[in-house]
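Enquirer: Contents of structure.pdb (PDB, C-alpha atoms):
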```pdb
ATOM      1  CA  MET A   1     -21.751 -28.866  15.616  1.00  0.00           C
ATOM      2  CA  SER A   2     -21.326 -29.987  12.071  1.00  0.00           C
ATOM      3  CA  TRP A   3     -20.048 -29.358   8.587  1.00  0.00           C
ATOM      4  CA  ASP A   4     -23.187 -27.278   7.960  1.00  0.00           C
ATOM      5  CA  ASP A   5     -22.191 -24.958  10.810  1.00  0.00           C
ATOM      6  CA  LEU A   6     -18.757 -24.558   9.253  1.00  0.00           C
ATOM      7  CA  LEU A   7     -20.374 -23.813   5.882  1.00  0.00           C
ATOM      8  CA  SER A   8     -22.302 -20.993   7.572  1.00  0.00           C
ATOM      9  CA  THR A   9     -19.089 -19.609   9.054  1.00  0.00           C
ATOM     10  CA  ALA A  10     -17.352 -19.808   5.680  1.00  0.00           C
ATOM     11  CA  ALA A  11     -20.288 -18.152   3.921  1.00  0.00           C
ATOM     12  CA  ALA A  12     -19.961 -15.163   6.256  1.00  0.00           C
ATOM     13  CA  GLN A  13     -16.276 -14.959   5.263  1.00  0.00           C
ATOM     14  CA  HIS A  14     -16.707 -15.184   1.478  1.00  0.00           C
ATOM     15  CA  GLY A  15     -15.960 -18.894   1.399  1.00  0.00           C
ATOM     16  CA  TYR A  16     -12.930 -18.930   3.698  1.00  0.00           C
ATOM     17  CA  PHE A  17     -12.481 -20.634   7.058  1.00  0.00           C
ATOM     18  CA  THR A  18      -9.611 -21.593   9.318  1.00  0.00           C
ATOM     19  CA  THR A  19      -8.552 -24.831  10.937  1.00  0.00           C
ATOM     20  CA  ALA A  20      -9.204 -23.166  14.297  1.00  0.00           C
ATOM     21  CA  GLN A  21     -12.777 -22.294  13.317  1.00  0.00           C
ATOM     22  CA  ALA A  22     -13.343 -25.891  12.214  1.00  0.00           C
ATOM     23  CA  ALA A  23     -11.928 -27.170  15.499  1.00  0.00           C
ATOM     24  CA  GLU A  24     -14.285 -24.874  17.461  1.00  0.00           C
ATOM     25  CA  LEU A  25     -17.143 -26.605  15.648  1.00  0.00           C
ATOM     26  CA  GLY A  26     -15.782 -30.084  16.443  1.00  0.00           C
ATOM     27  CA  ILE A  27     -14.254 -30.802  13.038  1.00  0.00           C
ATOM     28  CA  SER A  28     -10.799 -32.369  13.273  1.00  0.00           C
ATOM     29  CA  ARG A  29      -7.779 -31.691  11.100  1.00  0.00           C
ATOM     30  CA  ARG A  30      -8.102 -35.221   9.790  1.00  0.00           C
ATOM     31  CA  ALA A  31     -11.699 -34.560   8.728  1.00  0.00           C
ATOM     32  CA  LEU A  32     -10.568 -31.339   7.011  1.00  0.00           C
ATOM     33  CA  SER A  33      -7.851 -33.244   5.168  1.00  0.00           C
ATOM     34  CA  TRP A  34     -10.444 -35.778   4.028  1.00  0.00           C
ATOM     35  CA  ARG A  35     -12.711 -32.947   2.824  1.00  0.00           C
ATOM     36  CA  ALA A  36      -9.785 -31.394   0.923  1.00  0.00           C
ATOM     37  CA  GLU A  37      -8.905 -34.732  -0.714  1.00  0.00           C
ATOM     38  CA  HIS A  38     -12.505 -35.267  -1.807  1.00  0.00           C
ATOM     39  CA  GLY A  39     -13.127 -31.759  -3.146  1.00  0.00           C
ATOM     40  CA  SER A  40     -15.474 -30.198  -0.590  1.00  0.00           C
ATOM     41  CA  ALA A  41     -12.732 -27.939   0.801  1.00  0.00           C
ATOM     42  CA  GLU A  42      -9.608 -26.457  -0.723  1.00  0.00           C
ATOM     43  CA  ARG A  43      -6.484 -25.932   1.355  1.00  0.00           C
ATOM     44  CA  ILE A  44      -5.190 -22.450   0.552  1.00  0.00           C
ATOM     45  CA  ALA A  45      -2.383 -22.138   3.109  1.00  0.00           C
ATOM     46  CA  HIS A  46      -1.404 -23.470   6.499  1.00  0.00           C
ATOM     47  CA  GLY A  47      -4.540 -23.240   8.621  1.00  0.00           C
ATOM     48  CA  LEU A  48      -6.665 -21.672   5.851  1.00  0.00           C
ATOM     49  CA  TYR A  49      -9.291 -23.345   3.675  1.00  0.00           C
ATOM     50  CA  ARG A  50     -11.768 -22.208   1.058  1.00  0.00           C
ATOM     51  CA  LEU A  51     -15.001 -23.651  -0.243  1.00  0.00           C
ATOM     52  CA  PRO A  52     -14.227 -24.590  -3.869  1.00  0.00           C
ATOM     53  CA  HIS A  53     -17.744 -23.791  -5.096  1.00  0.00           C
ATOM     54  CA  TRP A  54     -17.595 -20.235  -3.711  1.00  0.00           C
ATOM     55  CA  PRO A  55     -17.347 -17.635  -6.510  1.00  0.00           C
ATOM     56  CA  ILE A  56     -13.915 -16.132  -7.077  1.00  0.00           C
ATOM     57  CA  ASP A  57     -13.775 -12.454  -6.142  1.00  0.00           C
ATOM     58  CA  PRO A  58     -11.111  -9.854  -7.026  1.00  0.00           C
ATOM     59  CA  SER A  59     -10.778  -9.204  -3.283  1.00  0.00           C
ATOM     60  CA  ASP A  60     -10.195 -12.859  -2.350  1.00  0.00           C
ATOM     61  CA  GLU A  61      -6.761 -12.130  -0.899  1.00  0.00           C
ATOM     62  CA  LEU A  62      -8.357  -9.613   1.458  1.00  0.00           C
ATOM     63  CA  TYR A  63     -11.098 -12.038   2.500  1.00  0.00           C
ATOM     64  CA  ALA A  64      -8.483 -14.728   3.154  1.00  0.00           C
ATOM     65  CA  LEU A  65      -6.506 -12.350   5.384  1.00  0.00           C
ATOM     66  CA  GLN A  66      -9.710 -11.337   7.189  1.00  0.00           C
ATOM     67  CA  ALA A  67     -10.483 -15.019   7.872  1.00  0.00           C
ATOM     68  CA  LEU A  68      -6.981 -15.534   9.285  1.00  0.00           C
ATOM     69  CA  VAL A  69      -7.156 -12.414  11.471  1.00  0.00           C
ATOM     70  CA  PRO A  70     -10.764 -11.459  12.245  1.00  0.00           C
ATOM     71  CA  SER A  71      -9.424  -8.869  14.687  1.00  0.00           C
ATOM     72  CA  GLY A  72      -7.393  -7.209  11.920  1.00  0.00           C
ATOM     73  CA  THR A  73      -8.360  -4.022  10.132  1.00  0.00           C
ATOM     74  CA  PHE A  74      -7.425  -2.999   6.604  1.00  0.00           C
ATOM     75  CA  SER A  75      -5.775   0.373   7.028  1.00  0.00           C
ATOM     76  CA  HIS A  76      -3.747   3.169   5.471  1.00  0.00           C
ATOM     77  CA  ASP A  77      -4.148   3.546   1.697  1.00  0.00           C
ATOM     78  CA  THR A  78      -5.720   0.081   1.484  1.00  0.00           C
ATOM     79  CA  ALA A  79      -8.576   1.433   3.595  1.00  0.00           C
ATOM     80  CA  LEU A  80      -8.838   4.562   1.459  1.00  0.00           C
ATOM     81  CA  THR A  81      -9.235   2.369  -1.619  1.00  0.00           C
ATOM     82  CA  LEU A  82     -11.809   0.095   0.049  1.00  0.00           C
ATOM     83  CA  LEU A  83     -13.753   3.143   1.237  1.00  0.00           C
ATOM     84  CA  GLY A  84     -13.817   4.423  -2.350  1.00  0.00           C
ATOM     85  CA  LEU A  85     -11.859   7.566  -1.465  1.00  0.00           C
ATOM     86  CA  THR A  86      -9.039   7.014  -3.938  1.00  0.00           C
ATOM     87  CA  ASP A  87      -8.599   5.080  -7.149  1.00  0.00           C
ATOM     88  CA  ILE A  88      -4.898   4.482  -6.599  1.00  0.00           C
ATOM     89  CA  ILE A  89      -4.187   0.798  -6.133  1.00  0.00           C
ATOM     90  CA  PRO A  90      -1.824   0.402  -3.168  1.00  0.00           C
ATOM     91  CA  SER A  91       1.476  -1.354  -3.856  1.00  0.00           C
ATOM     92  CA  THR A  92       0.935  -3.401  -0.690  1.00  0.00           C
ATOM     93  CA  ILE A  93      -2.019  -4.443   1.431  1.00  0.00           C
ATOM     94  CA  HIS A  94      -1.940  -2.613   4.752  1.00  0.00           C
ATOM     95  CA  LEU A  95      -3.377  -4.605   7.651  1.00  0.00           C
ATOM     96  CA  THR A  96      -3.367  -3.384  11.245  1.00  0.00           C
ATOM     97  CA  ILE A  97      -3.374  -6.249  13.732  1.00  0.00           C
ATOM     98  CA  PRO A  98      -3.153  -6.520  17.523  1.00  0.00           C
ATOM     99  CA  GLU A  99       0.387  -6.721  18.916  1.00  0.00           C
ATOM    100  CA  THR A 100      -0.346 -10.219  20.181  1.00  0.00           C
ATOM    101  CA  CYS A 101      -1.380 -11.562  16.767  1.00  0.00           C
ATOM    102  CA  ARG A 102       0.836 -14.339  15.415  1.00  0.00           C
ATOM    103  CA  LEU A 103       0.384 -13.530  11.729  1.00  0.00           C
ATOM    104  CA  ARG A 104       3.752 -13.214  10.016  1.00  0.00           C
ATOM    105  CA  SER A 105       4.754 -10.853   7.261  1.00  0.00           C
ATOM    106  CA  ARG A 106       4.175 -12.089   3.756  1.00  0.00           C
ATOM    107  CA  PRO A 107       4.911 -10.690   0.311  1.00  0.00           C
ATOM    108  CA  GLY A 108       2.510  -7.936  -0.686  1.00  0.00           C
ATOM    109  CA  VAL A 109       1.202  -7.405   2.846  1.00  0.00           C
ATOM    110  CA  THR A 110       2.445  -4.745   5.253  1.00  0.00           C
ATOM    111  CA  LEU A 111       1.496  -5.497   8.841  1.00  0.00           C
ATOM    112  CA  HIS A 112       1.054  -2.714  11.364  1.00  0.00           C
ATOM    113  CA  ARG A 113       0.888  -3.885  14.965  1.00  0.00           C
ATOM    114  CA  SER A 114      -1.293  -1.891  17.321  1.00  0.00           C
ATOM    115  CA  ARG A 115      -1.011  -1.830  21.080  1.00  0.00           C
ATOM    116  CA  HIS A 116      -4.323   0.003  21.369  1.00  0.00           C
ATOM    117  CA  GLY A 117      -6.231  -2.574  19.394  1.00  0.00           C
ATOM    118  CA  ALA A 118      -6.846  -2.979  15.717  1.00  0.00           C
ATOM    119  CA  MET A 119     -10.526  -3.371  16.496  1.00  0.00           C
ATOM    120  CA  THR A 120     -11.216   0.293  17.194  1.00  0.00           C
ATOM    121  CA  ASP A 121     -12.123   3.125  14.823  1.00  0.00           C
ATOM    122  CA  ARG A 122     -13.180   0.782  12.037  1.00  0.00           C
ATOM    123  CA  THR A 123     -16.211  -0.007   9.923  1.00  0.00           C
ATOM    124  CA  LEU A 124     -17.469  -3.111   8.156  1.00  0.00           C
ATOM    125  CA  ARG A 125     -17.388  -2.634   4.382  1.00  0.00           C
ATOM    126  CA  ASP A 126     -18.400  -5.475   2.031  1.00  0.00           C
ATOM    127  CA  GLY A 127     -17.541  -8.038   4.708  1.00  0.00           C
ATOM    128  CA  LEU A 128     -14.125  -6.526   5.473  1.00  0.00           C
ATOM    129  CA  TRP A 129     -13.089  -4.541   8.535  1.00  0.00           C
ATOM    130  CA  VAL A 130     -11.713  -1.224   7.281  1.00  0.00           C
ATOM    131  CA  SER A 131     -10.296   1.769   9.162  1.00  0.00           C
ATOM    132  CA  ALA A 132     -12.730   4.655   9.414  1.00  0.00           C
ATOM    133  CA  ALA A 133     -12.005   7.507   6.987  1.00  0.00           C
ATOM    134  CA  ARG A 134     -10.306   9.788   9.555  1.00  0.00           C
ATOM    135  CA  ARG A 135      -8.039   6.997  10.800  1.00  0.00           C
ATOM    136  CA  ALA A 136      -7.170   5.859   7.248  1.00  0.00           C
ATOM    137  CA  LEU A 137      -6.302   9.418   6.173  1.00  0.00           C
ATOM    138  CA  LEU A 138      -4.059  10.005   9.188  1.00  0.00           C
ATOM    139  CA  ASP A 139      -2.332   6.616   8.842  1.00  0.00           C
ATOM    140  CA  ALA A 140      -1.737   7.111   5.110  1.00  0.00           C
ATOM    141  CA  ALA A 141      -0.350  10.621   5.761  1.00  0.00           C
ATOM    142  CA  ARG A 142       2.074   9.216   8.354  1.00  0.00           C
ATOM    143  CA  GLU A 143       3.258   6.638   5.810  1.00  0.00           C
ATOM    144  CA  GLY A 144       4.025   9.381   3.263  1.00  0.00           C
ATOM    145  CA  ALA A 145       1.142   8.947   0.822  1.00  0.00           C
ATOM    146  CA  ASP A 146       0.777  11.585  -1.888  1.00  0.00           C
ATOM    147  CA  PRO A 147      -0.461  14.795  -0.178  1.00  0.00           C
ATOM    148  CA  ASP A 148      -2.655  15.875  -3.105  1.00  0.00           C
ATOM    149  CA  GLN A 149      -4.351  12.475  -3.176  1.00  0.00           C
ATOM    150  CA  LEU A 150      -4.918  12.644   0.588  1.00  0.00           C
ATOM    151  CA  VAL A 151      -6.471  16.112   0.466  1.00  0.00           C
ATOM    152  CA  SER A 152      -8.703  15.006  -2.414  1.00  0.00           C
ATOM    153  CA  ALA A 153      -9.707  11.886  -0.444  1.00  0.00           C
ATOM    154  CA  ALA A 154     -10.476  14.000   2.630  1.00  0.00           C
ATOM    155  CA  ARG A 155     -12.692  16.315   0.587  1.00  0.00           C
ATOM    156  CA  ASP A 156     -14.478  13.340  -0.909  1.00  0.00           C
ATOM    157  CA  ALA A 157     -14.956  11.794   2.560  1.00  0.00           C
ATOM    158  CA  ARG A 158     -16.373  15.072   3.846  1.00  0.00           C
ATOM    159  CA  GLY A 159     -18.750  15.311   0.879  1.00  0.00           C
ATOM    160  CA  ARG A 160     -19.945  11.754   1.515  1.00  0.00           C
ATOM    161  CA  ALA A 161     -20.507  12.444   5.248  1.00  0.00           C
ATOM    162  CA  MET A 162     -17.741  10.043   6.266  1.00  0.00           C
ATOM    163  CA  LEU A 163     -16.090  12.689   8.468  1.00  0.00           C
ATOM    164  CA  THR A 164     -17.589  14.547  11.409  1.00  0.00           C
ATOM    165  CA  ALA A 165     -16.740  18.126  12.365  1.00  0.00           C
ATOM    166  CA  GLY A 166     -14.447  16.684  15.033  1.00  0.00           C
ATOM    167  CA  ASP A 167     -12.725  14.476  12.455  1.00  0.00           C
ATOM    168  CA  LEU A 168     -12.126  17.489  10.213  1.00  0.00           C
ATOM    169  CA  ALA A 169     -10.733  19.485  13.143  1.00  0.00           C
ATOM    170  CA  GLU A 170      -8.316  16.663  13.958  1.00  0.00           C
ATOM    171  CA  LEU A 171      -7.224  16.288  10.338  1.00  0.00           C
ATOM    172  CA  ARG A 172      -6.466  20.026  10.159  1.00  0.00           C
ATOM    173  CA  ARG A 173      -3.871  19.551  12.927  1.00  0.00           C
ATOM    174  CA  HIS A 174      -1.768  17.279  10.704  1.00  0.00           C
ATOM    175  CA  PRO A 175       0.056  17.699   7.415  1.00  0.00           C
ATOM    176  CA  PRO A 176      -0.988  17.733   4.599  1.00  0.00           C
ATOM    177  CA  PHE A 177      -4.455  18.756   5.806  1.00  0.00           C
ATOM    178  CA  GLU A 178      -3.420  21.756   7.929  1.00  0.00           C
ATOM    179  CA  ARG A 179      -3.499  24.243   5.069  1.00  0.00           C
ATOM    180  CA  ALA A 180      -6.023  22.512   2.837  1.00  0.00           C
ATOM    181  CA  ARG A 181      -9.577  23.707   2.412  1.00  0.00           C
ATOM    182  CA  LEU A 182     -11.570  20.812   3.723  1.00  0.00           C
TER     183      LEU A 182
END
```
Could you write out this structure as structure tokens?

Expert:
Amino acid sequence: MSWDDLLSTAAAQHGYFTTAQAAELGISRRALSWRAEHGSAERIAHGLYRLPHWPIDPSDELYALQALVPSGTFSHDTALTLLGLTDIIPSTIHLTIPETCRLRSRPGVTLHRSRHGAMTDRTLRDGLWVSAARRALLDAAREGADPDQLVSAARDARGRAMLTAGDLAELRRHPPFERARL
């Protein structure tokens, strides 16, 4: 195990890696501190590092969260945005995590803890785990998202084959989809 192995891990996570991932590859905290002091790693937060030469991306905050919680899933209206089903920028990042996850709340991030596992009913989109369209629509509806936006997003998801007949049937059992023409 080596620094090169950690670089591979970080590359798969858009330049981010955790102290725990480094430790799994045999790299100590002391070695990480040395790397940070000498410019080959940048300490972003407690337990989170970034490769300084990695290109900055508008979604860096999402990639950093994904590195911290690989079992987490971007959900609710965050998922709808990442799936390209709405152009409304959410006021907070919604992340569904397992109940046992230790991640704490932070400004701009709404955590949803799931007993049934945040790792189900999701899809990988641009390196991020995102709730599937049906799940994202139902979660956003439960949180009180704009009904017209949700119906429009559902129609768009249907048109892009992101919803099955079963998904549509389930959506029609919940407001605001029950009376909408999907």

Enquirer: Apply the PyMOL selection byres ((chain A and resi 69) around 10) to the displayed file and report the matching residues as an NGL selection string.

Expert: :A and (18 or 63-68 or 70-73 or 95-98 or 101-103)

Enquirer: Record the distance separating CA of Leu111 in chain A and CA of Gly144 in chain A, expressed in Å with one decimal.

Expert: 16.1 Å

Enquirer: Just need the box for range 92-104 of chain A, edges along x, y and z, holding every atom the file lists for it with 5 Å tacked onto each side, so centre and edge lengths in Å to one decimal, as JSON.

Expert:
```
{"center_x": 0.2, "center_y": -8.5, "center_z": 9.7, "size_x": 17.1, "size_y": 21.7, "size_z": 30.9}
```

Enquirer: Could you write out as a tab-separated table (two decimals) with C-alpha atoms, in the coordinates of the input the residues that the PyMOL selection byres ((chain A and resi 82) around 10) matches in the shown file?

Expert:
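selection_21.tsv was written with the following content:
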```tsv
chain	number	residue	atom	x	y	z
A	59	SER	CA	-10.78	-9.20	-3.28
A	74	PHE	CA	-7.42	-3.00	6.60
A	75	SER	CA	-5.78	0.37	7.03
A	77	ASP	CA	-4.15	3.55	1.70
A	78	THR	CA	-5.72	0.08	1.48
A	79	ALA	CA	-8.58	1.43	3.60
A	80	LEU	CA	-8.84	4.56	1.46
A	81	THR	CA	-9.24	2.37	-1.62
A	83	LEU	CA	-13.75	3.14	1.24
A	84	GLY	CA	-13.82	4.42	-2.35
A	85	LEU	CA	-11.86	7.57	-1.46
A	86	THR	CA	-9.04	7.01	-3.94
A	87	ASP	CA	-8.60	5.08	-7.15
A	89	ILE	CA	-4.19	0.80	-6.13
A	125	ARG	CA	-17.39	-2.63	4.38
A	126	ASP	CA	-18.40	-5.48	2.03
A	128	LEU	CA	-14.12	-6.53	5.47
A	129	TRP	CA	-13.09	-4.54	8.54
A	130	VAL	CA	-11.71	-1.22	7.28
A	131	SER	CA	-10.30	1.77	9.16
```

Enquirer: So, counting all atoms listed in the file, which residue among A:Arg181, A:His174, A:Arg35, A:Arg50 is closest to Ala140 in chain A?

Expert: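 Ranked by minimum distance to Ala140 in chain A, first place goes to A:His174.
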
Enquirer: Let me make sure I understand: among A:Arg173, A:His76, A:Arg122, A:Arg179, which one has the smallest atom-to-atom distance to Asp148 in chain A if we use all atoms listed in the file?

Expert: A:Arg179

Enquirer: Given the file shown, determine the residues that the PyMOL selection byres ((chain A and resi 41) around 12) selects; report them as a PDB file with C-alpha atoms, in the frame of the given file.

Expert:
```pdb
ATOM      1  CA  TRP A   3     -20.048 -29.358   8.587  1.00  0.00           C
ATOM      2  CA  LEU A   6     -18.757 -24.558   9.253  1.00  0.00           C
ATOM      3  CA  LEU A   7     -20.374 -23.813   5.882  1.00  0.00           C
ATOM      4  CA  ALA A  10     -17.352 -19.808   5.680  1.00  0.00           C
ATOM      5  CA  GLY A  15     -15.960 -18.894   1.399  1.00  0.00           C
ATOM      6  CA  TYR A  16     -12.930 -18.930   3.698  1.00  0.00           C
ATOM      7  CA  PHE A  17     -12.481 -20.634   7.058  1.00  0.00           C
ATOM      8  CA  THR A  18      -9.611 -21.593   9.318  1.00  0.00           C
ATOM      9  CA  THR A  19      -8.552 -24.831  10.937  1.00  0.00           C
ATOM     10  CA  ALA A  22     -13.343 -25.891  12.214  1.00  0.00           C
ATOM     11  CA  ALA A  31     -11.699 -34.560   8.728  1.00  0.00           C
ATOM     12  CA  LEU A  32     -10.568 -31.339   7.011  1.00  0.00           C
ATOM     13  CA  SER A  33      -7.851 -33.244   5.168  1.00  0.00           C
ATOM     14  CA  TRP A  34     -10.444 -35.778   4.028  1.00  0.00           C
ATOM     15  CA  ARG A  35     -12.711 -32.947   2.824  1.00  0.00           C
ATOM     16  CA  ALA A  36      -9.785 -31.394   0.923  1.00  0.00           C
ATOM     17  CA  GLU A  37      -8.905 -34.732  -0.714  1.00  0.00           C
ATOM     18  CA  HIS A  38     -12.505 -35.267  -1.807  1.00  0.00           C
ATOM     19  CA  GLY A  39     -13.127 -31.759  -3.146  1.00  0.00           C
ATOM     20  CA  SER A  40     -15.474 -30.198  -0.590  1.00  0.00           C
ATOM     21  CA  GLU A  42      -9.608 -26.457  -0.723  1.00  0.00           C
ATOM     22  CA  ARG A  43      -6.484 -25.932   1.355  1.00  0.00           C
ATOM     23  CA  ILE A  44      -5.190 -22.450   0.552  1.00  0.00           C
ATOM     24  CA  LEU A  48      -6.665 -21.672   5.851  1.00  0.00           C
ATOM     25  CA  TYR A  49      -9.291 -23.345   3.675  1.00  0.00           C
ATOM     26  CA  ARG A  50     -11.768 -22.208   1.058  1.00  0.00           C
ATOM     27  CA  LEU A  51     -15.001 -23.651  -0.243  1.00  0.00           C
ATOM     28  CA  PRO A  52     -14.227 -24.590  -3.869  1.00  0.00           C
ATOM     29  CA  HIS A  53     -17.744 -23.791  -5.096  1.00  0.00           C
ATOM     30  CA  TRP A  54     -17.595 -20.235  -3.711  1.00  0.00           C
TER      31      TRP A  54
END
```

Enquirer: Would you kindly return, as an NGL selection string, each protein, DNA or RNA residue with an atom no farther than 12 Å from any atom of Arg134 in chain A, considering all atoms listed in the file and excluding same-chain residues fewer than 4 positions away?

Expert: :A and (75-77 or 79-80 or 83 or 85 or 121-123 or 130 or 138-141 or 150-151 or 153-158 or 161-172 or 174 or 177)

Enquirer: Could you tell me how far CA of Ile56 in chain A sits from CA of Pro90 in chain A, in Å to one decimal place?

Expert: 20.9 Å

Enquirer: Let me make sure I understand: among A:Ala11, A:Ala45, A:Ile27, A:Ala145, which one has the smallest atom-to-atom distance to Ser91 in chain A if we use only C-alpha atoms?

Expert: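 Looking at the shortest contact to Ser91 in chain A, the residue is A:Ala145.
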
Enquirer: Which is closer to Arg113 in chain A than all the others in A:Ser8, A:Thr92, A:Thr100, A:Ser28, using only C-alpha atoms?

Expert: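 The answer is A:Thr100, which sits nearest to Arg113 in chain A.
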
Enquirer: When you count all atoms listed in the file, which of these residues is closest to Leu62 in chain A: A:Ile88, A:Val109, A:Ala133, A:Ala23?

Expert: A:Val109

Enquirer: Tell me, in Å to one decimal, how far CA of Asp146 in chain A is from CA of Ser114 in chain A.

Expert: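 CA of Ser114 in chain A lies 23.6 Å from CA of Asp146 in chain A.
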